[in-house]
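To start, the structure under review is shown below, and the notes come after it.
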Amino acid sequence: MKILGLETSCDETGVAIYDSEHGLLSDVVFSQVKMHAKYGGVVPELASRDHIRKIGLLVNQATEEARIGLQDLDGVAYTAGPGLAGALLVGAGFSKSLAWGLDVPALGIHHMEGHLLAPMIDEVVPIDMPFLALLVSGGHTLLVDAFSLGSYEVLGESLDDAVGEAFDKVAKMLDLGYPGGPLVEQLAKSGDPDRFDFPRPMVNRPGLDFSFSGLKTHVRNTIAQHPIDAALKADVCRGFTDAVVDVLVVKCRRAIRQSGAKKLVVAGGVSANKDIRNGLEMLGKEEDVRIVFPSMQFTTDNGAMIAYVGYRRMGLGERDKTELAVRARWPLNELSSP
(Lines give C-alpha, C1' and ligand atoms only; values in the text may rest on other atoms or scores of the structure.)
Protein backbone atom coordinates (compact mmCIF):
# COMPACT_ATOMS: atom_id res chain seq x y z
CA MET A 1 0.00 0.00 0.00
CA LYS A 2 1.67 3.21 -1.21
CA ILE A 3 0.23 6.48 0.07
CA LEU A 4 1.11 9.95 -1.18
CA GLY A 5 0.99 12.58 1.58
CA LEU A 6 0.69 16.34 1.03
CA GLU A 7 1.15 18.99 3.72
CA THR A 8 0.16 22.60 2.95
CA SER A 9 -1.20 23.93 6.24
CA CYS A 10 1.10 26.96 6.50
CA ASP A 11 4.46 27.89 4.98
CA GLU A 12 5.98 24.54 4.03
CA THR A 13 4.94 22.49 1.02
CA GLY A 14 5.64 18.89 2.00
CA VAL A 15 5.20 15.82 -0.19
CA ALA A 16 6.09 12.24 0.74
CA ILE A 17 5.32 8.64 -0.16
CA TYR A 18 4.90 5.98 2.51
CA ASP A 19 4.87 2.26 1.68
CA SER A 20 3.27 -0.21 4.08
CA GLU A 21 6.02 -2.75 3.39
CA HIS A 22 9.13 -0.63 2.90
CA GLY A 23 8.38 2.46 4.98
CA LEU A 24 9.15 5.98 3.80
CA LEU A 25 10.14 6.00 0.13
CA SER A 26 10.57 9.75 -0.32
CA ASP A 27 10.13 12.98 1.61
CA VAL A 28 10.58 16.42 0.04
CA VAL A 29 9.83 19.79 1.59
CA PHE A 30 9.98 23.31 0.23
CA SER A 31 10.10 26.01 2.90
CA GLN A 32 8.76 29.51 2.28
CA VAL A 33 10.75 30.99 5.18
CA LYS A 34 12.87 33.31 3.03
CA MET A 35 9.81 34.73 1.31
CA HIS A 36 7.98 35.49 4.57
CA ALA A 37 11.04 36.61 6.56
CA LYS A 38 11.00 40.14 5.13
CA TYR A 39 7.45 40.58 6.45
CA GLY A 40 8.30 39.28 9.92
CA GLY A 41 5.77 36.45 9.69
CA VAL A 42 3.63 34.36 7.37
CA VAL A 43 1.51 36.24 4.80
CA PRO A 44 -1.42 33.86 4.07
CA GLU A 45 -2.05 34.99 0.47
CA LEU A 46 1.61 34.58 -0.47
CA ALA A 47 1.70 31.18 1.21
CA SER A 48 -1.26 29.93 -0.82
CA ARG A 49 0.19 31.14 -4.12
CA ASP A 50 3.53 29.52 -3.43
CA HIS A 51 1.88 26.18 -2.61
CA ILE A 52 0.18 26.36 -6.03
CA ARG A 53 3.52 26.96 -7.73
CA LYS A 54 5.41 24.21 -5.93
CA ILE A 55 3.03 21.34 -5.23
CA GLY A 56 3.04 19.72 -8.68
CA LEU A 57 6.83 19.95 -8.98
CA LEU A 58 7.30 18.38 -5.55
CA VAL A 59 4.92 15.52 -6.36
CA ASN A 60 7.02 14.77 -9.42
CA GLN A 61 10.20 14.92 -7.35
CA ALA A 62 8.75 12.62 -4.68
CA THR A 63 7.68 9.96 -7.19
CA GLU A 64 11.07 10.12 -8.90
CA GLU A 65 12.92 9.68 -5.61
CA ALA A 66 10.60 6.79 -4.69
CA ARG A 67 11.17 5.29 -8.15
CA ILE A 68 7.48 4.77 -8.76
CA GLY A 69 4.86 6.27 -11.05
CA LEU A 70 1.63 7.98 -10.05
CA GLN A 71 -0.21 4.88 -11.27
CA ASP A 72 1.47 2.90 -8.45
CA LEU A 73 -0.22 4.95 -5.71
CA ASP A 74 -3.01 3.39 -3.66
CA GLY A 75 -4.25 6.58 -2.06
CA VAL A 76 -3.65 10.30 -1.49
CA ALA A 77 -3.64 11.85 1.98
CA TYR A 78 -3.60 15.59 2.60
CA THR A 79 -3.78 18.03 5.49
CA ALA A 80 -7.40 19.07 5.92
CA GLY A 81 -6.77 21.27 8.99
CA PRO A 82 -6.09 23.09 11.14
CA GLY A 83 -4.13 25.77 9.31
CA LEU A 84 -4.47 28.66 6.87
CA ALA A 85 -7.71 28.15 4.93
CA GLY A 86 -6.31 29.15 1.54
CA ALA A 87 -3.20 27.03 1.94
CA LEU A 88 -5.27 24.04 3.04
CA LEU A 89 -7.55 24.38 0.02
CA VAL A 90 -4.56 24.20 -2.33
CA GLY A 91 -3.51 20.83 -0.93
CA ALA A 92 -7.05 19.51 -0.65
CA GLY A 93 -8.02 20.51 -4.18
CA PHE A 94 -4.85 19.10 -5.71
CA SER A 95 -5.11 15.86 -3.74
CA LYS A 96 -8.75 15.14 -4.48
CA SER A 97 -8.29 15.94 -8.17
CA LEU A 98 -5.26 13.66 -8.37
CA ALA A 99 -7.04 10.87 -6.52
CA TRP A 100 -10.06 11.18 -8.81
CA GLY A 101 -7.84 11.00 -11.88
CA LEU A 102 -6.02 7.93 -10.56
CA ASP A 103 -9.25 6.30 -9.30
CA VAL A 104 -7.82 5.90 -5.79
CA PRO A 105 -9.21 7.17 -2.47
CA ALA A 106 -8.33 10.51 -0.90
CA LEU A 107 -8.36 11.26 2.81
CA GLY A 108 -8.06 14.51 4.79
CA ILE A 109 -5.72 14.26 7.79
CA HIS A 110 -5.58 16.32 10.98
CA HIS A 111 -2.31 18.25 11.05
CA MET A 112 -1.73 17.69 14.76
CA GLU A 113 -2.42 13.96 14.48
CA GLY A 114 0.38 13.97 11.93
CA HIS A 115 2.75 15.49 14.48
CA LEU A 116 1.43 13.16 17.17
CA LEU A 117 2.38 10.05 15.18
CA ALA A 118 5.54 11.47 13.56
CA PRO A 119 7.88 9.54 15.92
CA MET A 120 6.43 6.32 14.51
CA ILE A 121 7.56 7.00 10.94
CA ASP A 122 11.07 5.65 11.43
CA GLU A 123 10.80 4.19 14.92
CA VAL A 124 13.65 1.95 16.04
CA VAL A 125 11.90 0.90 19.25
CA PRO A 126 8.12 0.47 18.73
CA ILE A 127 5.90 3.18 20.22
CA ASP A 128 2.56 1.69 21.11
CA MET A 129 -0.51 3.55 22.28
CA PRO A 130 -1.65 4.60 24.80
CA PHE A 131 0.79 7.39 25.62
CA LEU A 132 0.87 10.96 26.83
CA ALA A 133 1.88 13.61 24.28
CA LEU A 134 3.14 17.17 24.38
CA LEU A 135 2.55 18.91 21.05
CA VAL A 136 4.48 22.18 20.74
CA SER A 137 4.50 24.23 17.55
CA GLY A 138 4.07 27.75 16.23
CA GLY A 139 0.31 27.50 16.49
CA HIS A 140 -0.34 24.93 19.21
CA THR A 141 0.64 23.90 22.72
CA LEU A 142 -1.27 20.79 23.77
CA LEU A 143 -1.02 18.05 26.37
CA VAL A 144 -2.88 15.05 24.98
CA ASP A 145 -3.82 11.61 26.26
CA ALA A 146 -3.54 9.40 23.17
CA PHE A 147 -5.55 6.22 23.80
CA SER A 148 -5.60 4.77 20.28
CA LEU A 149 -5.64 5.96 16.67
CA GLY A 150 -8.21 8.76 16.50
CA SER A 151 -9.06 8.60 20.20
CA TYR A 152 -7.50 11.59 21.95
CA GLU A 153 -8.32 13.68 25.00
CA VAL A 154 -6.85 17.17 25.29
CA LEU A 155 -5.73 17.54 28.90
CA GLY A 156 -4.32 21.04 28.63
CA GLU A 157 -3.67 23.76 26.06
CA SER A 158 -2.42 27.31 25.79
CA LEU A 159 -4.97 29.93 26.73
CA ASP A 160 -3.23 32.54 24.58
CA ASP A 161 0.09 32.35 22.69
CA ALA A 162 1.39 28.97 21.58
CA VAL A 163 4.95 28.34 22.72
CA GLY A 164 6.37 28.64 19.20
CA GLU A 165 4.50 31.91 18.72
CA ALA A 166 6.02 33.22 21.96
CA PHE A 167 9.52 32.38 20.71
CA ASP A 168 8.84 34.26 17.46
CA LYS A 169 7.50 37.31 19.28
CA VAL A 170 10.48 37.50 21.64
CA ALA A 171 12.78 37.27 18.63
CA LYS A 172 10.88 40.14 17.02
CA MET A 173 11.25 42.25 20.17
CA LEU A 174 15.01 41.75 19.94
CA ASP A 175 15.05 42.35 16.17
CA LEU A 176 16.55 38.91 15.54
CA GLY A 177 14.57 38.01 12.43
CA TYR A 178 12.08 35.32 11.43
CA PRO A 179 11.51 32.50 12.23
CA GLY A 180 12.52 33.33 15.78
CA GLY A 181 12.72 29.95 17.51
CA PRO A 182 16.10 28.79 16.17
CA LEU A 183 17.57 32.30 16.58
CA VAL A 184 16.51 32.52 20.24
CA GLU A 185 17.88 29.03 20.86
CA GLN A 186 21.23 29.94 19.32
CA LEU A 187 21.64 33.17 21.32
CA ALA A 188 20.55 31.49 24.56
CA LYS A 189 23.68 29.33 24.45
CA SER A 190 25.86 32.33 25.34
CA GLY A 191 23.39 34.01 27.71
CA ASP A 192 23.83 34.45 31.47
CA PRO A 193 21.23 32.24 33.21
CA ASP A 194 21.43 34.32 36.39
CA ARG A 195 20.79 37.78 34.96
CA PHE A 196 17.04 37.55 34.40
CA ASP A 197 14.58 35.48 36.39
CA PHE A 198 11.43 35.60 34.30
CA PRO A 199 8.07 34.36 35.67
CA ARG A 200 6.84 30.80 35.10
CA PRO A 201 3.16 31.41 34.30
CA MET A 202 0.46 29.16 35.80
CA VAL A 203 2.85 26.65 37.38
CA ASN A 204 1.40 27.35 40.81
CA ARG A 205 -2.19 26.95 39.65
CA PRO A 206 -3.92 23.57 39.40
CA GLY A 207 -4.59 22.12 35.97
CA LEU A 208 -2.64 21.51 32.79
CA ASP A 209 -3.35 24.61 30.72
CA PHE A 210 -0.56 26.95 29.59
CA SER A 211 -0.21 30.72 29.24
CA PHE A 212 2.77 32.47 27.67
CA SER A 213 1.30 35.94 27.10
CA GLY A 214 2.31 37.23 30.54
CA LEU A 215 5.84 35.90 30.13
CA LYS A 216 6.05 37.63 26.75
CA THR A 217 4.90 40.93 28.28
CA HIS A 218 7.43 40.63 31.11
CA VAL A 219 10.18 40.10 28.53
CA ARG A 220 9.05 43.19 26.59
CA ASN A 221 9.09 45.34 29.73
CA THR A 222 12.54 44.04 30.67
CA ILE A 223 13.95 44.90 27.23
CA ALA A 224 12.50 48.41 27.51
CA GLN A 225 14.41 49.00 30.75
CA HIS A 226 17.86 48.20 29.34
CA PRO A 227 20.05 49.39 26.47
CA ILE A 228 19.86 46.78 23.73
CA ASP A 229 23.23 45.23 23.01
CA ALA A 230 24.54 41.77 22.22
CA ALA A 231 24.80 40.78 25.89
CA LEU A 232 21.22 41.83 26.63
CA LYS A 233 19.88 39.85 23.67
CA ALA A 234 21.71 36.70 24.73
CA ASP A 235 20.72 37.05 28.39
CA VAL A 236 17.05 37.68 27.55
CA CYS A 237 17.03 34.62 25.28
CA ARG A 238 18.57 32.54 28.06
CA GLY A 239 16.11 33.72 30.68
CA PHE A 240 13.11 33.32 28.39
CA THR A 241 14.13 29.83 27.27
CA ASP A 242 14.72 28.68 30.86
CA ALA A 243 11.27 29.94 31.84
CA VAL A 244 9.59 28.10 28.95
CA VAL A 245 11.45 24.86 29.70
CA ASP A 246 10.48 25.04 33.37
CA VAL A 247 6.80 25.59 32.51
CA LEU A 248 6.74 22.65 30.10
CA VAL A 249 8.51 20.37 32.59
CA VAL A 250 6.18 21.30 35.45
CA LYS A 251 3.05 20.71 33.35
CA CYS A 252 4.35 17.44 31.90
CA ARG A 253 5.34 16.18 35.35
CA ARG A 254 1.85 16.97 36.61
CA ALA A 255 0.24 15.22 33.63
CA ILE A 256 2.46 12.14 34.05
CA ARG A 257 1.54 11.81 37.72
CA GLN A 258 -2.16 12.39 37.09
CA SER A 259 -2.40 9.94 34.19
CA GLY A 260 0.10 7.34 35.32
CA ALA A 261 1.62 7.38 31.82
CA LYS A 262 4.92 5.62 31.19
CA LYS A 263 5.54 7.17 27.75
CA LEU A 264 5.64 10.83 26.76
CA VAL A 265 5.78 11.72 23.06
CA VAL A 266 7.05 15.24 22.38
CA ALA A 267 6.42 16.50 18.84
CA GLY A 268 5.89 19.61 16.74
CA GLY A 269 8.36 22.20 15.48
CA VAL A 270 9.41 23.42 18.93
CA SER A 271 10.38 19.86 19.91
CA ALA A 272 13.58 20.47 17.92
CA ASN A 273 14.76 22.91 20.61
CA LYS A 274 17.67 21.22 22.43
CA ASP A 275 17.02 22.98 25.76
CA ILE A 276 13.45 21.69 25.76
CA ARG A 277 14.65 18.20 24.81
CA ASN A 278 17.23 18.20 27.60
CA GLY A 279 14.72 19.39 30.19
CA LEU A 280 12.15 16.77 29.26
CA GLU A 281 14.74 13.98 29.05
CA MET A 282 15.79 14.85 32.60
CA LEU A 283 12.11 14.73 33.60
CA GLY A 284 11.87 11.25 32.07
CA LYS A 285 14.76 10.01 34.21
CA GLU A 286 13.28 11.54 37.36
CA GLU A 287 9.80 10.09 36.74
CA ASP A 288 10.94 6.81 35.15
CA VAL A 289 9.05 7.65 31.95
CA ARG A 290 10.18 6.98 28.39
CA ILE A 291 10.49 10.26 26.45
CA VAL A 292 10.09 9.95 22.68
CA PHE A 293 10.94 12.60 20.08
CA PRO A 294 10.52 12.42 16.30
CA SER A 295 13.62 12.50 14.12
CA MET A 296 14.70 16.09 13.55
CA GLN A 297 13.50 16.02 9.92
CA PHE A 298 9.97 15.24 11.15
CA THR A 299 9.73 17.96 13.80
CA THR A 300 8.70 20.71 11.39
CA ASP A 301 5.76 20.41 8.98
CA ASN A 302 6.30 17.62 6.45
CA GLY A 303 4.45 15.35 4.07
CA ALA A 304 5.84 12.18 5.67
CA MET A 305 3.66 12.48 8.75
CA ILE A 306 0.57 13.02 6.59
CA ALA A 307 1.41 10.04 4.38
CA TYR A 308 1.98 7.87 7.47
CA VAL A 309 -1.32 8.77 9.14
CA GLY A 310 -3.02 8.31 5.77
CA TYR A 311 -1.58 4.80 5.54
CA ARG A 312 -2.76 3.98 9.08
CA ARG A 313 -6.29 5.28 8.51
CA MET A 314 -6.78 4.08 4.93
CA GLY A 315 -5.54 0.68 6.02
CA LEU A 316 -8.58 0.53 8.27
CA GLY A 317 -10.91 1.48 5.43
CA GLU A 318 -11.35 5.22 6.00
CA ARG A 319 -12.09 7.31 2.90
CA ASP A 320 -13.11 10.91 2.11
CA LYS A 321 -16.54 11.86 0.93
CA THR A 322 -16.79 13.63 -2.41
CA GLU A 323 -17.08 17.24 -1.23
CA LEU A 324 -14.06 19.52 -0.88
CA ALA A 325 -13.84 20.68 2.72
CA VAL A 326 -11.07 21.92 5.01
CA ARG A 327 -11.12 23.18 8.61
CA ALA A 328 -8.94 26.14 9.55
CA ARG A 329 -9.89 25.41 13.17
CA TRP A 330 -10.19 21.77 14.17
CA PRO A 331 -9.87 20.71 17.82
CA LEU A 332 -7.97 17.45 18.12
CA ASN A 333 -10.54 15.93 20.47
CA GLU A 334 -13.17 16.26 17.71
CA LEU A 335 -11.22 13.83 15.55
CA SER A 336 -12.97 10.49 15.12
CA SER A 337 -11.52 6.98 15.10
CA PRO A 338 -11.45 5.21 11.73
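A note on labels: chains of the C-alpha coordinates are A, B, ... as shown, every chain counts residues from 1, and ligands are counted from 1 in their shown order.
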
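Excluding Ala231 (chain A) and any residue on its chain fewer than 6 positions from it, the residues at most 12 Å away by only C-alpha atoms are Leu174, Leu187, Ala188, Lys189, Ser190, Gly191, Asp192, Pro193, Arg195, Phe196, Ile223, Cys237 and Arg238 of chain A.
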
Practice item. From a DSSP calculation on the backbone, collect every residue of region 71-303 of chain A in helix (DSSP H, G or I) and output the set as a PyMOL selection string. Key: chain A and resi 71-72+85-102+111-120+163-173+180-188+213-224+230-259+269-272+274-287+296-298+303

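Between CA of Tyr308 (chain A) and CA of Ala328 (chain A) lies a distance of 21.4 Å.
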
Exercise for review: Find, counting only C-alpha atoms, the residue in A:Gly177, A:Gly315, A:Gly156, A:Gly284 that gets nearest to Pro206 (chain A).
Suggested key: A:Gly156

Revision key, fill the gap. One residue among A:Phe298, A:Trp330, A:Phe30, A:Phe167 is nearest to Asp122 (chain A) when using only C-alpha atoms, and that residue is A:Phe298

Practice item. Tell me which protein, DNA and RNA residues are within 7 Å of region 86-101 of chain A, counting only C-alpha atoms, leaving out same-chain ones fewer than 2 positions away, and put them as a list in words. Key: Leu6, Glu7, Thr8, Ser9, Cys10, Ala47, Ser48, His51, Ile52, Gly75, Val76, Tyr78, Thr79, Ala80, Gly81, Gly83, Leu84, Asp103, Val104, Pro105, Ala106, Leu324 and Val326 of chain A

Check your understanding: Skipping near chain neighbours, those fewer than 6 positions away, what residues fall within 6 Å of region 57-74 of chain A using only C-alpha atoms, listed as a ChimeraX atom specification?
Key -> /A:1-3,25-26,104

Spatial neighbours of Ser148 (chain A), 7 Å, only C-alpha atoms, chain gap at least 3 places, as a JSON list (two decimals) with N, CA and C atoms, in the first residue's frame:
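result.json written:
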```
[["chain", "number", "residue", "atom", "x", "y", "z"],
["A", 129, "MET", "N", 0.47, 2.82, 21.49],
["A", 129, "MET", "CA", -0.51, 3.55, 22.28],
["A", 129, "MET", "C", -1.04, 2.61, 23.37],
["A", 130, "PRO", "N", -1.47, 3.18, 24.50],
["A", 130, "PRO", "CA", -1.65, 4.60, 24.80],
["A", 130, "PRO", "C", -0.34, 5.26, 25.24],
["A", 151, "SER", "N", -8.43, 8.42, 18.90],
["A", 151, "SER", "CA", -9.06, 8.60, 20.20],
["A", 151, "SER", "C", -8.12, 9.39, 21.11]]
```

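Using only C-alpha atoms, the nearest neighbour of Arg277 (chain A) within the list A:Arg254, A:Val309, A:Lys321, A:Val249 is A:Val249.
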
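With distances restricted to only C-alpha atoms, A:Gly40 is the closest residue to Leu176 (chain A) from A:Pro331, A:Gly40, A:Pro227, A:Gly23.
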
**Study point:** For His218 (chain A): contacts at 12 Å, only C-alpha atoms, fewer than 4 positions along chain excluded, given as a PyMOL selection string
**Key:** chain A and resi 166+170+173+196-201+212-214+222-225+236+239-240+243

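Among the candidates A:Asn302, A:Thr322, A:Gln258, A:Thr241, the one nearest to Gly207 (chain A) when counting only C-alpha atoms is A:Gln258.
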